[in-house]
Amino acid sequence: MIDFKQKIAEQISKITNILLEEIIQYIEIPSNEEMGDFSFPCFKLAKELKKAPQIIAQEIKENIKLEKDFIQKIEVVNGYLNFYIMPQKYISNVLTEVSNKQEDYGKSTIGNGKNIVIDYSSPNIAKPFHIGHLRSTVIGSAIYKTYKYLGYNCIGVNHLGDYGTQFGKLIEGYKRWGQEYNIEENTIDELTKIYIRINELCKENENILEECRNNFKKLEDGDPYCVELWTKFRDLSLKEFQKVYDLLQVQFDSWNGEAFYSDKMQEIVDILNKKQLLKLSEGAMIVDLEDKEMPPCIIEKTNGSTTYATRDLAAIVYRARTYNFEKNIYVTSYEQILHFKQIFEVAKYLDLNKKYTDGLIHIPFGMVQLKSGKMSTREGNIIKLEDLLKEAISRAEKIIDEKNPKLENKQEIAKKIGIGAVIFNDLYNSRIKDEIFDWDTMLNFNGETGPYIQYIYVRTKSLIEKAGYMPNISEIDFSKLEDTFSLRIIKLIYSFEDILKQSAEKYEPYIIARYLIKLAQTFSSFYNENKIIGESKAIQDARLYLTYSTGLVLKIGAKLLGIDMPDRM
Ligand code: ARG
């Protein structure tokens with residue numbers, strides 16, 4: 001596909017003698033289409049060229065050699081040079097590219113040879129997989145898929161919380177009352193009950209607390225009984241979490257959780273010690289971060305046990321060595337902003353190549369606010385994610401029953417709609433914003449929602465079905481797409497790859513989500529304003545191909561967010 005921006009930049013660079021990279025950076029896409037397709041702010045060069053912006057603009061305009069190629073006109077407005085691309089060039093370019101690339105449309109190779117580690121989901125063993133973990137899972141997975149599409153080699157890591165003194169307690173509780181609980185069936189619920197019960201006992205009896213600590217010590221030392229129980233808790237918990245991952249179709253390349261680093265933390269302690277960075281403070285070993293205006297990073301607690309932070313430091317070193325990462329991205333709620341700031345600071349002392357410490361990135365997201373009374377909650381107000389996703393599916397099924405009761409494969413389609421609605425709702429706003437969880441909003445087929453995008457996609461499918469054929473690209477007369485909405489759709493499809501790059505660069509899936517809404521809405525206007533089937537064959541062919549292209553891009557974009565398209569709904 002012709003990169004119009006690049007071509008324009010090359011010319012400007014030649015005329016002004018300023019580096020191409022700099023020019024490219026300055027070129028904008030005006031938000032108002034009347035201001036052209038690309039715009040160059042000449043005042044950015046005024047200082048460098050020692051000329052007034054107006055004069056620079058005139059000079060570029062007079063010397064540029066693109067007119068006959070693809071530029072319709074160039075206008076000078078207030079120091080801006082506005083470029084208008086010939087509609088026919090846009091159309092032929094985009095549709096030919098769609099035809100060549102098909103399901104790979106928008107794919108890129110910019111990431112080839114670069115490794116990106118993405119740490120997401122990362123729930124805690126024997127504890128509920130809560131709605132915050134859902135956000136981490138959904139956002140992390142979308143970022144993972146987007147980077148992969150751009151050619152990066154992605155390593156998705158589920159950094160499970162499978163380590164810590166609570167396992168000493170669980171082992172003690174299970175030893176005492178294991179028979180009373182059915183942890184095979186309802187793993188997390190039952191383990192939580194055991195945990196609460198043993199905690200109460202510990203409060204009454206200091207000796208039992210000591211037993212729990214001993215168990216943890218034994219676990220660390222590889223005692224067979226303790227390891228066996230820990231493994232059982234872990235396996236059963238993962239089996240339960242897997243149900244959520246299956247519903248969301250999320251995958252990981254590594255399940256190395258915190259316990260994996262139990263034998264890799266000594267090295268961290270040694271390095272920090274050798275550099276005399278470890279200080280004793282109130283019985284704990286800390287790295288002072290006062291000059292960075294942060295509270296200290298605790299490396300070893302008063303009782304000598306290591307911390308969440310120490311395991312994360314060991315993980316950074318391990319990942320640098322194992323994956324030679326360009327970026328190591330962490331997706332968690334904003335509650336952990338300080339934690340990551342601290343460990344990224346301490347990581348700078350660990351003799352790693354600067355490439356690695358520069359590549360450490362925390363991607364925080366906001367909380368989920370539930371619209372109270374509308375969601376079934378279990379005791380303790382903890383919503384089980386599997387139940388939540390199942391509720392989404394059954395609500396979608398109910399809507400189908402009302403709208404289209406004769407639909408075949410109702411359950412499978414309800415699954416796509418329900419899960420799609422939850423995922424889209426999670427990704428529609430800038431991630432740092434708190435998310436409002438409201439069933440009616442997210443399942444509204446006419447809103448800015450997942451089901452809306454699916455609905456428009458299905459419409460593109462049924463239009464092609466109704467026509468009964470797919471026109472061949474070589475026979476399409478591009479000049480038949482004359483209306484404003486056609487051209488808007490074409491321009492949106494043209495910008496798809498750029499949207500993916502922006503989304504990846506900012507770690508913001510909402511950029512894709514909003515783009516898809518805009519594309520769907522524009523298609524809806526196009527459809528309302530134009531007859532697709534029944535015009536002359538030439539017009540019908542051109543419009544059908546545009547319809548097909550829209551559906552294709554909606555499908556690819558949704559897939560990157562983790563949303564599947566139904567063929568009917
Ligand atoms: N298990 C943690 C939690 O539930 C999240 C872990 C995030 N990843 C990490 N490497 N610290 O809050």
# chains A, B, ... in the order shown; residues from 1 in each chain; ligands from 1

$ residues_near_ligand --ligand "ligand 1" --cutoff "7 Å" --atoms "only C-alpha atoms and all ligand atoms" --output "number ranges by chain"
A: 119-120, 122-124, 133, 159-161, 312, 330-332

$ write_last_selection --atoms "N, CA and C atoms" --output "compact mmCIF listing (two decimals), in the first residue's frame"
# COMPACT_ATOMS: atom_id res chain seq x y z
N ASP A 119 3.59 -9.50 31.40
CA ASP A 119 3.20 -10.15 32.65
C ASP A 119 1.78 -9.71 32.94
N TYR A 120 0.84 -10.63 32.79
CA TYR A 120 -0.56 -10.25 33.00
C TYR A 120 -1.37 -11.37 33.63
N SER A 122 -1.92 -13.04 36.34
CA SER A 122 -1.17 -13.28 37.58
C SER A 122 -2.00 -13.30 38.86
N PRO A 123 -3.00 -14.18 38.94
CA PRO A 123 -3.78 -14.28 40.17
C PRO A 123 -3.00 -15.02 41.27
N ASN A 124 -3.60 -15.08 42.43
CA ASN A 124 -2.93 -15.73 43.55
C ASN A 124 -3.57 -17.08 43.84
N HIS A 133 -8.18 -8.96 38.51
CA HIS A 133 -7.42 -9.90 37.68
C HIS A 133 -8.06 -10.03 36.29
N HIS A 159 2.48 -14.63 36.14
CA HIS A 159 3.35 -14.59 37.33
C HIS A 159 2.48 -14.90 38.56
N LEU A 160 2.16 -16.17 38.71
CA LEU A 160 1.21 -16.58 39.76
C LEU A 160 1.72 -16.24 41.16
N GLY A 161 0.79 -15.82 42.00
CA GLY A 161 1.13 -15.63 43.41
C GLY A 161 1.03 -16.98 44.11
N ASP A 312 10.14 -10.24 42.53
CA ASP A 312 10.04 -9.50 41.27
C ASP A 312 11.43 -9.09 40.76
N TYR A 330 4.33 -4.95 32.69
CA TYR A 330 3.51 -5.48 33.78
C TYR A 330 2.14 -4.83 33.75
N VAL A 331 1.10 -5.63 33.77
CA VAL A 331 -0.25 -5.09 33.75
C VAL A 331 -0.93 -5.36 35.09
N THR A 332 -1.06 -4.34 35.91
CA THR A 332 -1.76 -4.49 37.20
C THR A 332 -2.56 -3.22 37.49

$ select_by_dssp --residues "stretch 232-456 of chain A" --states "strand (DSSP E)" --output "ChimeraX atom specification"
/A:278-281,284-287,297-300,327-333,360-365,368-370,435-437

$ atom_distance --atom1 "atom CA of A:Gln276" --atom2 "atom CA of A:Tyr318"
22.3 Å

$ closest_residue --among "A:Lys415, A:Lys275, A:Lys518, A:Arg568" --to "A:Val553" --atoms "only C-alpha atoms"
A:Lys518

$ residues_around --residues "A:Asp291" --least-positions-apart "5" --cutoff "12 Å" --atoms "only C-alpha atoms" --output "PyMOL selection string"
chain A and resi 296+342+345

$ select_by_dssp --residues "stretch 379-530 of chain A" --states "helix (DSSP H, G or I)" --output "NGL selection string"
:A and (379-381 or 385-403 or 410-427 or 439-442 or 450-467 or 473-475 or 478-480 or 484-494 or 496-506 or 510-529)

$ atom_distance --atom1 "atom CA of A:Leu134" --atom2 "atom CA of A:Leu389"
10.2 Å

$ atom_distance --atom1 "atom CA of A:Leu385" --atom2 "atom CA of A:Val244"
6.9 Å

$ closest_residue --among "A:Lys44, A:Arg488, A:Lys274, A:Lys65" --to "A:Tyr26" --atoms "only C-alpha atoms"
A:Lys44
